[in-house]
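Here is the structure we will look at.
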Amino acid sequence: MARKIALAQQADKFACYEEAIQNPRKDVLFLTKTFQSEFHRKAIWLREDFCGTAAISREFIRSDFERFAVGVDIDSVAIDWCLKQGLLSLPSGSDRLELVVADCREYEDKRSYDVISANNYSIFLLTTRVDLLRYLKHVKCCLNPSHGMFICDITGGSDCFEKRKVKRQRNNLVYIWEQDSYNFIDASWQCSISFQFPDGSALKRCFTYTWRLWTLAEIMDALYEVGFTKMRIWFSNFDEASESVYEETRIIPGSVKSWNAIIAAFSYG
Ligand SMILES: C[S@@+](CC[C@H](N)C(=O)[O-])C[C@H]1O[C@@H](n2cnc3c(N)ncnc32)[C@H](O)[C@@H]1O
């Protein structure tokens with residue numbers, strides 16, 4: 001008798017991540033509009049730091065035939081996935097995409113980028129102020145000095161300090177976000193992602209993170225310190241919506257228990 005194989009056993013964690021968590025079209029539209037409104041020109045060169053499977057780089061290339069992207073990640077498995085699976089959804093233009101297995105804190109080429117991005121809380125991977133400043137200084141040097149934009153996103157609010165589990169349905173997939181612990185001494189934050197399938201099977205904690213929960217003020221201070229002169233902030237209030245709806249703001253009230261923010265920092269000549 002044929003044995004039924006659980007859906008989790010057949011699942012691909014990177015495909016699940018892209019399906020349940022990422023929205024590269026929205027991200028690329030956002031960075032395109034923001035860059036255009038700031039510099040009145042088209043962003044041509046993107047470096048996607050901490051790129052994972054480089055979903056944003058692929059969408060950036062797909063969105064415009066004049067564009068080029070470089071995706072950098074330390075994990076060769078994620079980069080290989082992009083080469084073998086991710087590029088299947090990019091019918092043309094892959095010659096305008098470069099993928100690099102490297103540490104973003106050190107990776108250097110001779111290019112001057114219009115945009116450098118660090119998405120999905122990747123800035124939280126830099127757990128000390130020395131490391132954060134070192135990375136941001138490096139980003140500043142790699143951006144075009146007269147029209148460069150760095151973009152990253154973070155989360156915050158008092159819910160971050162709680163041990164909690166949030167479940168969201170995405171198509172046929174249930175995505176489970178777990179906050180395991182927070183330490184007020186060093187602001188370290190342990191979180192994980194699991195996926196559950198219609199047959200009840202699950203890919204448990206297939207992505208785990210030990211992050212530094214930086215505040216917006218700390219990141220903005222560091223960005224000013226390395227030489228960025230202008231910043232804009234957009235905020236999405238998760239107390240009110242489960243989907244991210246961003247609006248530009250100068251205030252995020254302390255009463256909001258769960259929020260996401262996008263920070264764009266600009267370098268001008
Ligand atoms: C939170 S995931 C973000 C993935 C993707 N950027 C996204 O938007 O969903 C963080 C990624 O950073 C990578 N990473 C961690 N430390 C790194 C480093 N020092 N340099 C480059 N990549 C790093 C991990 O391998 C992982 O793919």
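Please note that chains go A, B, ... in the order of the structure tokens, that every chain numbers its residues from 1, and that ligands are numbered from 1 in the order shown.
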
Please identify the residues whose atoms come within 7 Å of ligand 1, using only C-alpha atoms and all ligand atoms, and report them as a PyMOL selection string. chain A and resi 22+49-54+72-75+78+102-105+118-122+125

Write out as a JSON list (two decimals) with N, CA and C atoms, in the first residue's frame which residues come within 10 Å of Glu19 of chain A when counting only C-alpha atoms, dropping same-chain ones fewer than 2 positions away.
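Now in around.json:
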[["chain", "number", "residue", "atom", "x", "y", "z"],
["A", 13, "LYS", "N", 11.71, 25.04, 2.29],
["A", 13, "LYS", "CA", 11.57, 26.15, 3.26],
["A", 13, "LYS", "C", 11.75, 27.52, 2.61],
["A", 14, "PHE", "N", 12.59, 27.61, 1.59],
["A", 14, "PHE", "CA", 12.80, 28.91, 0.95],
["A", 14, "PHE", "C", 11.57, 29.31, 0.12],
["A", 15, "ALA", "N", 10.96, 28.31, -0.54],
["A", 15, "ALA", "CA", 9.74, 28.60, -1.32],
["A", 15, "ALA", "C", 8.63, 29.05, -0.37],
["A", 16, "CYS", "N", 8.52, 28.37, 0.78],
["A", 16, "CYS", "CA", 7.50, 28.75, 1.77],
["A", 16, "CYS", "C", 7.75, 30.17, 2.27],
["A", 17, "TYR", "N", 9.01, 30.49, 2.54],
["A", 17, "TYR", "CA", 9.38, 31.83, 3.04],
["A", 17, "TYR", "C", 8.96, 32.89, 2.03],
["A", 21, "ILE", "N", 6.01, 35.23, 3.38],
["A", 21, "ILE", "CA", 6.56, 36.38, 4.08],
["A", 21, "ILE", "C", 6.89, 37.55, 3.16],
["A", 22, "GLN", "N", 7.37, 37.25, 1.97],
["A", 22, "GLN", "CA", 7.88, 38.35, 1.15],
["A", 22, "GLN", "C", 6.85, 38.89, 0.17],
["A", 23, "ASN", "N", 7.04, 40.17, -0.17],
["A", 23, "ASN", "CA", 6.23, 40.80, -1.20],
["A", 23, "ASN", "C", 7.16, 41.72, -2.00],
["A", 170, "ARG", "N", -1.58, 32.20, 4.76],
["A", 170, "ARG", "CA", -1.13, 32.74, 3.47],
["A", 170, "ARG", "C", -1.37, 31.67, 2.43],
["A", 171, "ASN", "N", -2.37, 31.87, 1.59],
["A", 171, "ASN", "CA", -2.80, 30.86, 0.61],
["A", 171, "ASN", "C", -3.03, 29.53, 1.35],
["A", 172, "ASN", "N", -2.32, 28.47, 0.96],
["A", 172, "ASN", "CA", -2.54, 27.17, 1.59],
["A", 172, "ASN", "C", -1.66, 26.93, 2.81],
["A", 173, "LEU", "N", -0.95, 27.97, 3.20],
["A", 173, "LEU", "CA", 0.12, 27.83, 4.16],
["A", 173, "LEU", "C", -0.20, 28.63, 5.42],
["A", 175, "TYR", "N", 1.62, 30.49, 8.40],
["A", 175, "TYR", "CA", 2.95, 30.98, 8.76],
["A", 175, "TYR", "C", 2.92, 31.31, 10.26]]

All residues 12 Å or closer to Val28 of chain A, only C-alpha atoms, same chain fewer than 3 positions away omitted, as a ChimeraX atom specification: /A:22-25,31-36,43-44,46,48,55-64,67,69,115-117,119,151

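Proximity to Lys4 of chain A at 12 Å, evaluated using only C-alpha atoms and with sequence-adjacent residues fewer than 4 positions away removed, yields Ala8, Gln9, Gln10, Asp199 and Ser201 of chain A.
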
Write to file, as a PDB file, in the first residue's frame, the residues of the selection just made, with N, CA and C atoms.
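Everything below was put into part-v5.pdb:
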ATOM      1  N   ALA A   8       4.776  18.554   4.715  1.00  0.00           N
ATOM      2  CA  ALA A   8       5.988  19.206   5.241  1.00  0.00           C
ATOM      3  C   ALA A   8       7.257  18.531   4.710  1.00  0.00           C
ATOM      4  N   GLN A   9       7.169  17.229   4.503  1.00  0.00           N
ATOM      5  CA  GLN A   9       8.352  16.501   4.013  1.00  0.00           C
ATOM      6  C   GLN A   9       8.674  16.846   2.559  1.00  0.00           C
ATOM      7  N   GLN A  10       7.634  17.273   1.846  1.00  0.00           N
ATOM      8  CA  GLN A  10       7.852  17.618   0.435  1.00  0.00           C
ATOM      9  C   GLN A  10       8.149  19.106   0.265  1.00  0.00           C
ATOM     10  N   ASP A 199      -2.453  19.356   5.768  1.00  0.00           N
ATOM     11  CA  ASP A 199      -2.582  18.013   6.366  1.00  0.00           C
ATOM     12  C   ASP A 199      -2.134  17.992   7.827  1.00  0.00           C
ATOM     13  N   SER A 201       0.809  18.696   9.016  1.00  0.00           N
ATOM     14  CA  SER A 201       2.264  18.574   9.208  1.00  0.00           C
ATOM     15  C   SER A 201       2.895  19.967   9.212  1.00  0.00           C
TER      16      SER A 201
END

Residues of segment 101-208 of chain A in strand (DSSP E), written as a PyMOL selection string: chain A and resi 101+115-118+147-156+164-170+173-183+188-196+202-208

Convert the current residue selection to file output with N, CA and C atoms, as a compact mmCIF listing (two decimals), in the first residue's frame.
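Output contents, as saved in again.txt:
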# COMPACT_ATOMS: atom_id res chain seq x y z
N VAL A 101 28.30 35.20 -2.49
CA VAL A 101 28.32 34.64 -1.14
C VAL A 101 29.41 35.39 -0.39
N VAL A 115 20.93 52.37 -4.74
CA VAL A 115 20.18 51.90 -3.56
C VAL A 115 20.90 50.69 -2.96
N ILE A 116 20.99 50.69 -1.63
CA ILE A 116 21.40 49.48 -0.90
C ILE A 116 20.27 49.18 0.07
N SER A 117 19.81 47.93 0.09
CA SER A 117 18.70 47.59 0.99
C SER A 117 19.09 46.46 1.94
N ALA A 118 18.49 46.47 3.12
CA ALA A 118 18.67 45.39 4.11
C ALA A 118 17.28 45.12 4.67
N HIS A 147 23.65 60.78 -5.10
CA HIS A 147 22.25 60.32 -5.07
C HIS A 147 22.21 58.85 -4.60
N GLY A 148 22.40 58.64 -3.33
CA GLY A 148 22.39 57.28 -2.79
C GLY A 148 21.32 57.13 -1.72
N MET A 149 20.70 55.94 -1.70
CA MET A 149 19.65 55.70 -0.69
C MET A 149 19.89 54.35 -0.03
N PHE A 150 19.88 54.35 1.30
CA PHE A 150 19.92 53.09 2.06
C PHE A 150 18.53 52.88 2.65
N ILE A 151 18.03 51.66 2.52
CA ILE A 151 16.68 51.39 3.02
C ILE A 151 16.71 50.11 3.87
N CYS A 152 16.09 50.20 5.05
CA CYS A 152 16.00 49.00 5.90
C CYS A 152 14.67 49.05 6.65
N ASP A 153 14.29 47.93 7.23
CA ASP A 153 13.05 47.92 8.00
C ASP A 153 13.32 47.32 9.38
N ILE A 154 12.55 47.77 10.33
CA ILE A 154 12.68 47.22 11.69
C ILE A 154 11.27 47.05 12.28
N THR A 155 11.23 46.44 13.44
CA THR A 155 9.97 46.31 14.16
C THR A 155 10.16 46.81 15.59
N GLY A 156 9.07 47.02 16.28
CA GLY A 156 9.17 47.49 17.65
C GLY A 156 7.81 47.50 18.33
N ARG A 164 5.46 35.28 22.56
CA ARG A 164 4.19 35.14 21.87
C ARG A 164 4.31 34.45 20.52
N LYS A 165 3.15 34.00 20.05
CA LYS A 165 3.08 33.24 18.80
C LYS A 165 2.00 33.88 17.94
N VAL A 166 2.34 34.23 16.71
CA VAL A 166 1.33 34.81 15.82
C VAL A 166 1.19 33.89 14.61
N LYS A 167 -0.07 33.52 14.32
CA LYS A 167 -0.31 32.63 13.17
C LYS A 167 -1.02 33.41 12.08
N ARG A 168 -0.57 33.26 10.84
CA ARG A 168 -1.25 33.93 9.74
C ARG A 168 -1.43 32.95 8.58
N GLN A 169 -2.62 33.00 7.98
CA GLN A 169 -2.87 32.15 6.82
C GLN A 169 -2.38 32.86 5.57
N ARG A 170 -1.58 32.20 4.76
CA ARG A 170 -1.13 32.74 3.47
C ARG A 170 -1.37 31.67 2.43
N LEU A 173 -0.95 27.97 3.20
CA LEU A 173 0.12 27.83 4.16
C LEU A 173 -0.20 28.63 5.42
N VAL A 174 0.10 28.05 6.59
CA VAL A 174 -0.01 28.87 7.80
C VAL A 174 1.41 29.21 8.22
N TYR A 175 1.62 30.49 8.40
CA TYR A 175 2.95 30.98 8.76
C TYR A 175 2.92 31.31 10.26
N ILE A 176 3.88 30.76 11.00
CA ILE A 176 3.88 30.97 12.46
C ILE A 176 5.12 31.73 12.87
N TRP A 177 4.90 32.89 13.45
CA TRP A 177 5.98 33.76 13.94
C TRP A 177 6.03 33.58 15.45
N GLU A 178 7.19 33.16 15.98
CA GLU A 178 7.28 32.98 17.44
C GLU A 178 8.36 33.86 18.03
N GLN A 179 8.00 34.58 19.06
CA GLN A 179 8.98 35.35 19.83
C GLN A 179 9.28 34.55 21.09
N ASP A 180 10.51 34.04 21.19
CA ASP A 180 10.83 33.13 22.29
C ASP A 180 11.30 33.86 23.53
N SER A 181 12.19 34.84 23.36
CA SER A 181 12.67 35.56 24.55
C SER A 181 13.29 36.90 24.17
N TYR A 182 13.25 37.80 25.15
CA TYR A 182 13.89 39.11 25.01
C TYR A 182 14.67 39.37 26.29
N ASN A 183 15.88 39.95 26.15
CA ASN A 183 16.71 40.24 27.32
C ASN A 183 16.99 41.74 27.38
N SER A 188 18.87 41.46 23.33
CA SER A 188 18.87 40.32 22.39
C SER A 188 17.46 39.74 22.33
N TRP A 189 17.10 39.29 21.14
CA TRP A 189 15.73 38.89 20.87
C TRP A 189 15.75 37.61 20.05
N GLN A 190 15.15 36.54 20.60
CA GLN A 190 15.13 35.25 19.90
C GLN A 190 13.76 35.02 19.24
N CYS A 191 13.79 34.79 17.96
CA CYS A 191 12.52 34.57 17.24
C CYS A 191 12.68 33.40 16.26
N SER A 192 11.54 32.88 15.81
CA SER A 192 11.63 31.81 14.81
C SER A 192 10.40 31.82 13.91
N ILE A 193 10.56 31.14 12.79
CA ILE A 193 9.47 31.03 11.82
C ILE A 193 9.22 29.54 11.56
N SER A 194 7.94 29.14 11.60
CA SER A 194 7.54 27.78 11.23
C SER A 194 6.44 27.87 10.18
N PHE A 195 6.23 26.77 9.46
CA PHE A 195 5.13 26.72 8.48
C PHE A 195 4.30 25.47 8.74
N GLN A 196 2.97 25.63 8.63
CA GLN A 196 2.07 24.50 8.85
C GLN A 196 1.26 24.27 7.57
N ALA A 202 4.13 20.03 9.70
CA ALA A 202 4.75 21.36 9.85
C ALA A 202 6.25 21.31 9.62
N LEU A 203 6.78 22.43 9.14
CA LEU A 203 8.24 22.66 9.14
C LEU A 203 8.47 23.53 10.35
N LYS A 204 8.93 22.91 11.44
CA LYS A 204 9.01 23.65 12.70
C LYS A 204 10.33 24.41 12.81
N ARG A 205 10.20 25.68 13.16
CA ARG A 205 11.39 26.53 13.40
C ARG A 205 12.44 26.36 12.31
N CYS A 206 11.99 26.46 11.08
CA CYS A 206 12.98 26.26 10.00
C CYS A 206 13.83 27.50 9.79
N PHE A 207 13.41 28.65 10.31
CA PHE A 207 14.28 29.82 10.36
C PHE A 207 14.32 30.30 11.80
N THR A 208 15.52 30.41 12.36
CA THR A 208 15.64 30.91 13.74
C THR A 208 16.58 32.11 13.74

Would you list, as number ranges by chain, the residues of segment 77-120 of chain A that end up in alpha helix (DSSP H) under DSSP run on this structure's backbone? A: 77-84

Using only N, CA and C atoms, please write the residues we just selected to a file, as a CSV table (one decimal), in the first residue's frame.
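So again_34.csv came out as:
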chain,number,residue,atom,x,y,z
A,77,VAL,N,23.7,28.3,0.7
A,77,VAL,CA,22.5,27.4,0.4
A,77,VAL,C,21.4,28.3,-0.1
A,78,ALA,N,21.2,29.5,0.5
A,78,ALA,CA,20.2,30.4,0.0
A,78,ALA,C,20.5,30.9,-1.4
A,79,ILE,N,21.7,31.2,-1.6
A,79,ILE,CA,22.2,31.7,-2.9
A,79,ILE,C,22.0,30.6,-4.0
A,80,ASP,N,22.3,29.4,-3.6
A,80,ASP,CA,22.2,28.3,-4.6
A,80,ASP,C,20.7,28.1,-4.9
A,81,TRP,N,19.8,28.3,-3.9
A,81,TRP,CA,18.4,28.1,-4.1
A,81,TRP,C,17.9,29.1,-5.2
A,82,CYS,N,18.5,30.4,-5.0
A,82,CYS,CA,18.1,31.4,-6.0
A,82,CYS,C,18.5,31.0,-7.4
A,83,LEU,N,19.8,30.5,-7.5
A,83,LEU,CA,20.3,30.1,-8.8
A,83,LEU,C,19.5,29.0,-9.4
A,84,LYS,N,19.0,28.0,-8.6
A,84,LYS,CA,18.4,26.8,-9.1
A,84,LYS,C,16.9,27.0,-9.2

Non-local contacts of segment 220-230 of chain A (7 Å; only C-alpha atoms; under 6 positions in same chain excluded) as a PyMOL selection string: chain A and resi 133+136-137+265-267
